[in-house]
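Source file upload.cif; content: mmCIF, C-alpha atoms.
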```
data_start
#
loop_
_atom_site.group_PDB
_atom_site.id
_atom_site.type_symbol
_atom_site.label_atom_id
_atom_site.label_comp_id
_atom_site.auth_asym_id
_atom_site.auth_seq_id
_atom_site.Cartn_x
_atom_site.Cartn_y
_atom_site.Cartn_z
ATOM 1 C CA GLN A 1 -10.073 -10.548 -13.483
ATOM 2 C CA VAL A 2 -8.059 -9.086 -10.643
ATOM 3 C CA GLN A 3 -9.942 -6.735 -8.378
ATOM 4 C CA LEU A 4 -8.558 -4.704 -5.515
ATOM 5 C CA GLU A 5 -10.813 -2.968 -3.035
ATOM 6 C CA GLU A 6 -9.401 -0.624 -0.437
ATOM 7 C CA SER A 7 -11.173 0.245 2.773
ATOM 8 C CA GLY A 8 -10.534 1.889 6.100
ATOM 9 C CA GLY A 9 -9.934 5.470 5.090
ATOM 10 C CA ARG A 10 -11.488 8.175 7.222
ATOM 11 C CA LEU A 11 -10.900 11.400 9.073
ATOM 12 C CA VAL A 12 -8.416 10.998 11.918
ATOM 13 C CA GLN A 13 -6.669 13.386 14.275
ATOM 14 C CA ALA A 14 -2.956 13.982 14.113
ATOM 15 C CA GLY A 15 -1.105 11.483 16.248
ATOM 16 C CA GLY A 16 -3.703 8.818 15.688
ATOM 17 C CA SER A 17 -3.440 5.450 13.983
ATOM 18 C CA LEU A 18 -5.298 3.838 11.133
ATOM 19 C CA LYS A 19 -5.239 0.477 9.405
ATOM 20 C CA LEU A 20 -6.176 0.217 5.763
ATOM 21 C CA SER A 21 -7.260 -2.980 4.077
ATOM 22 C CA CYS A 22 -6.989 -4.101 0.478
ATOM 23 C CA ALA A 23 -9.123 -7.087 -0.424
ATOM 24 C CA ALA A 24 -7.782 -8.846 -3.507
ATOM 25 C CA SER A 25 -9.804 -11.192 -5.666
ATOM 26 C CA GLY A 26 -9.882 -12.755 -9.076
ATOM 27 C CA ARG A 27 -6.923 -15.090 -8.970
ATOM 28 C CA ALA A 28 -4.182 -16.532 -6.827
ATOM 29 C CA PHE A 29 -1.674 -13.928 -5.734
ATOM 30 C CA ASP A 30 1.231 -16.091 -4.667
ATOM 31 C CA THR A 31 3.390 -14.752 -7.504
ATOM 32 C CA TYR A 32 2.402 -11.139 -6.953
ATOM 33 C CA THR A 33 3.917 -8.137 -5.277
ATOM 34 C CA MET A 34 1.355 -6.000 -3.479
ATOM 35 C CA GLY A 35 1.855 -2.388 -2.618
ATOM 36 C CA TRP A 36 0.451 0.865 -1.358
ATOM 37 C CA PHE A 37 0.852 4.278 -2.921
ATOM 38 C CA ARG A 38 -0.662 7.593 -1.983
ATOM 39 C CA GLN A 39 -1.465 10.809 -3.765
ATOM 40 C CA ALA A 40 -2.187 14.116 -2.106
ATOM 41 C CA PRO A 41 -3.965 16.942 -3.931
ATOM 42 C CA GLY A 42 -1.612 18.690 -6.288
ATOM 43 C CA LYS A 43 1.216 16.250 -5.632
ATOM 44 C CA GLU A 44 2.718 13.308 -7.444
ATOM 45 C CA ARG A 45 1.851 9.780 -6.502
ATOM 46 C CA GLU A 46 4.154 8.502 -3.771
ATOM 47 C CA PHE A 47 5.275 4.965 -2.995
ATOM 48 C CA VAL A 48 4.430 3.873 0.552
ATOM 49 C CA ALA A 49 5.208 0.171 0.889
ATOM 50 C CA ALA A 50 5.349 -3.183 -0.870
ATOM 51 C CA ILE A 51 5.180 -6.811 0.148
ATOM 52 C CA LYS A 52 6.057 -9.977 -1.702
ATOM 53 C CA TRP A 53 3.063 -12.283 -1.405
ATOM 54 C CA ASN A 54 5.362 -15.291 -1.505
ATOM 55 C CA GLY A 55 7.589 -14.973 1.519
ATOM 56 C CA GLY A 56 6.233 -11.748 2.940
ATOM 57 C CA ARG A 57 9.361 -9.638 2.471
ATOM 58 C CA THR A 58 8.560 -5.958 2.792
ATOM 59 C CA TYR A 59 9.968 -2.807 1.253
ATOM 60 C CA TYR A 60 9.610 0.843 2.229
ATOM 61 C CA PRO A 61 11.117 4.086 1.050
ATOM 62 C CA ASP A 62 13.121 5.792 3.777
ATOM 63 C CA SER A 63 10.409 8.419 4.208
ATOM 64 C CA MET A 64 7.868 5.764 5.223
ATOM 65 C CA LYS A 65 10.009 3.650 7.524
ATOM 66 C CA GLY A 66 9.039 3.667 11.175
ATOM 67 C CA ARG A 67 5.410 4.827 11.012
ATOM 68 C CA PHE A 68 3.978 2.579 8.301
ATOM 69 C CA MET A 69 3.828 -1.187 8.174
ATOM 70 C CA ILE A 70 2.519 -3.401 5.391
ATOM 71 C CA SER A 71 1.315 -6.921 6.077
ATOM 72 C CA ALA A 72 -0.772 -9.627 4.469
ATOM 73 C CA ASP A 73 -3.309 -12.226 5.506
ATOM 74 C CA TYR A 74 -2.969 -14.955 2.938
ATOM 75 C CA ASP A 75 -6.100 -16.799 4.013
ATOM 76 C CA LYS A 76 -8.176 -13.667 3.498
ATOM 77 C CA ASN A 77 -6.330 -12.488 0.373
ATOM 78 C CA THR A 78 -6.000 -9.140 2.075
ATOM 79 C CA VAL A 79 -3.128 -6.703 2.384
ATOM 80 C CA TYR A 80 -3.006 -4.157 5.190
ATOM 81 C CA LEU A 81 -1.291 -0.871 5.830
ATOM 82 C CA GLN A 82 -0.895 0.055 9.480
ATOM 83 C CA MET A 83 -0.186 3.745 9.919
ATOM 84 C CA ASN A 84 0.842 5.234 13.229
ATOM 85 C CA ASN A 85 1.469 8.728 14.523
ATOM 86 C CA LEU A 86 -0.372 10.195 11.588
ATOM 87 C CA LYS A 87 0.432 13.723 10.471
ATOM 88 C CA PRO A 88 -1.567 16.217 8.421
ATOM 89 C CA GLU A 89 0.877 15.674 5.555
ATOM 90 C CA ASP A 90 -0.272 12.043 5.404
ATOM 91 C CA THR A 91 -3.584 13.293 4.061
ATOM 92 C CA ALA A 92 -4.041 11.657 0.673
ATOM 93 C CA VAL A 93 -5.885 9.048 -1.313
ATOM 94 C CA TYR A 94 -4.237 5.707 -0.631
ATOM 95 C CA TYR A 95 -4.179 3.145 -3.408
ATOM 96 C CA CYS A 96 -3.565 -0.573 -3.358
ATOM 97 C CA VAL A 97 -1.696 -2.063 -6.303
ATOM 98 C CA ALA A 98 -0.786 -5.578 -7.411
ATOM 99 C CA ALA A 99 1.701 -6.719 -10.001
ATOM 100 C CA GLN A 100 3.709 -9.678 -11.153
ATOM 101 C CA ILE A 101 7.202 -8.278 -11.311
ATOM 102 C CA PRO A 102 10.659 -9.830 -11.049
ATOM 103 C CA ASP A 103 12.357 -9.955 -7.691
ATOM 104 C CA CYS A 104 14.082 -6.739 -6.773
ATOM 105 C CA SER A 105 16.597 -5.787 -4.137
ATOM 106 C CA THR A 106 15.505 -2.206 -3.491
ATOM 107 C CA ASP A 107 12.321 -0.373 -2.683
ATOM 108 C CA GLU A 108 12.860 1.874 -5.699
ATOM 109 C CA CYS A 109 12.826 -1.140 -7.967
ATOM 110 C CA TYR A 110 9.540 -2.374 -6.536
ATOM 111 C CA ALA A 111 8.027 1.084 -6.718
ATOM 112 C CA GLY A 112 8.942 1.309 -10.374
ATOM 113 C CA GLY A 113 7.624 -2.128 -11.211
ATOM 114 C CA LEU A 114 4.343 -1.581 -9.443
ATOM 115 C CA THR A 115 3.926 1.757 -11.163
ATOM 116 C CA ASP A 116 4.707 0.390 -14.622
ATOM 117 C CA VAL A 117 2.567 -2.760 -14.686
ATOM 118 C CA GLY A 118 0.411 -2.663 -11.593
ATOM 119 C CA LEU A 119 -3.308 -3.218 -11.310
ATOM 120 C CA TRP A 120 -4.849 -0.519 -9.125
ATOM 121 C CA GLY A 121 -7.714 -0.180 -6.750
ATOM 122 C CA ARG A 122 -9.907 2.897 -6.635
ATOM 123 C CA GLY A 123 -8.316 4.255 -3.500
ATOM 124 C CA THR A 124 -9.471 5.267 -0.049
ATOM 125 C CA GLN A 125 -9.284 8.778 1.368
ATOM 126 C CA ILE A 126 -7.418 9.547 4.572
ATOM 127 C CA THR A 127 -7.682 12.983 6.077
ATOM 128 C CA VAL A 128 -5.514 13.847 9.056
ATOM 129 C CA SER A 129 -6.646 16.888 10.997
ATOM 130 C CA SER A 130 -4.229 18.979 13.025
#
```
Written form, structure tokens:
Amino acid sequence: QVQLEESGGRLVQAGGSLKLSCAASGRAFDTYTMGWFRQAPGKEREFVAAIKWNGGRTYYPDSMKGRFMISADYDKNTVYLQMNNLKPEDTAVYYCVAAQIPDCSTDECYAGGLTDVGLWGRGTQITVSS
């Protein structure tokens, strides 16, 4: 049984940095795509980043490029999200997701696949104060 456990969320001041972790367990993930989404109160869930476990190729929507970086430690079965220059609008619950989906060529494709068939963690709260 696949389990995803996020950690690292906390209160941080605007302009600060934070690194989230997602510990994955339950099986081998070499055929998986891993991703991060976020959801702020009263807003729709938003795609943040994805990474192909096999090969490490990464995907971001344009709105997340530059300040967010996804990475993976294969030995630790852990996916990370490094977030820099945080803004109050980054306040949200951040979720880790894993899915076996076909290779895509766009971030929208990966976002859709992860949303449709992904296995989700419980999320970790990030609050950015101004």
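Closest to A:Lys65 among A:Phe47, A:Gly113, A:Ala40, A:Gln125 is A:Phe47, based on all atoms listed in the file.
Atom CA of A:Pro61 is positioned 24.1 Å from atom CA of A:Asn77.
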For stretch 84-96 of chain A: contacts at 10 Å, all atoms listed in the file, fewer than 5 positions along chain excluded, given as a PyMOL selection string: chain A and resi 4-24+34-41+43+45-50+66-69+79+118-130
Interatomic distance, atom CA of A:Leu114 to atom CA of A:Ala98 (Å, one decimal): 6.8 Å
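Shortest separation to A:Thr78 among A:Pro102, A:Asp107, A:Tyr60, A:Val97 occurs at residue A:Val97, atoms counted being all atoms listed in the file.
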Coordinates-based distance that separates atom CA of A:Ile101 from atom CA of A:Thr33 (Å, one decimal): 6.9 Å
Picked residues, the PyMOL selection byres ((chain A and resi 31) around 8), as a PyMOL selection string: chain A and resi 28-30+32-33+52-54+100
C-alpha atoms of the current selection, written as a tab-separated table (two decimals), keeping the file's coordinate frame:
```
chain	number	residue	atom	x	y	z
A	28	ALA	CA	-4.18	-16.53	-6.83
A	29	PHE	CA	-1.67	-13.93	-5.73
A	30	ASP	CA	1.23	-16.09	-4.67
A	32	TYR	CA	2.40	-11.14	-6.95
A	33	THR	CA	3.92	-8.14	-5.28
A	52	LYS	CA	6.06	-9.98	-1.70
A	53	TRP	CA	3.06	-12.28	-1.40
A	54	ASN	CA	5.36	-15.29	-1.50
A	100	GLN	CA	3.71	-9.68	-11.15
```
Is it possible to get the axis-aligned box enclosing stretch 9-25 of chain A (all listed atoms, 6 Å extra per side) as AutoDock Vina command-line options, with centre and edge lengths in Å rounded to one decimal?
```
--center_x -6.3 --center_y 1.4 --center_z 5.3 --size_x 22.4 --size_y 37.2 --size_z 33.9
```
Explicit residue set for the PyMOL selection byres ((chain A and resi 1) around 7), as a PyMOL selection string: chain A and resi 2-3+26
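In this comparison, which uses only C-alpha atoms, the residue of A:Met83, A:Tyr110, A:Ser71, A:Gly42 approaching A:Gly55 most closely is A:Ser71.
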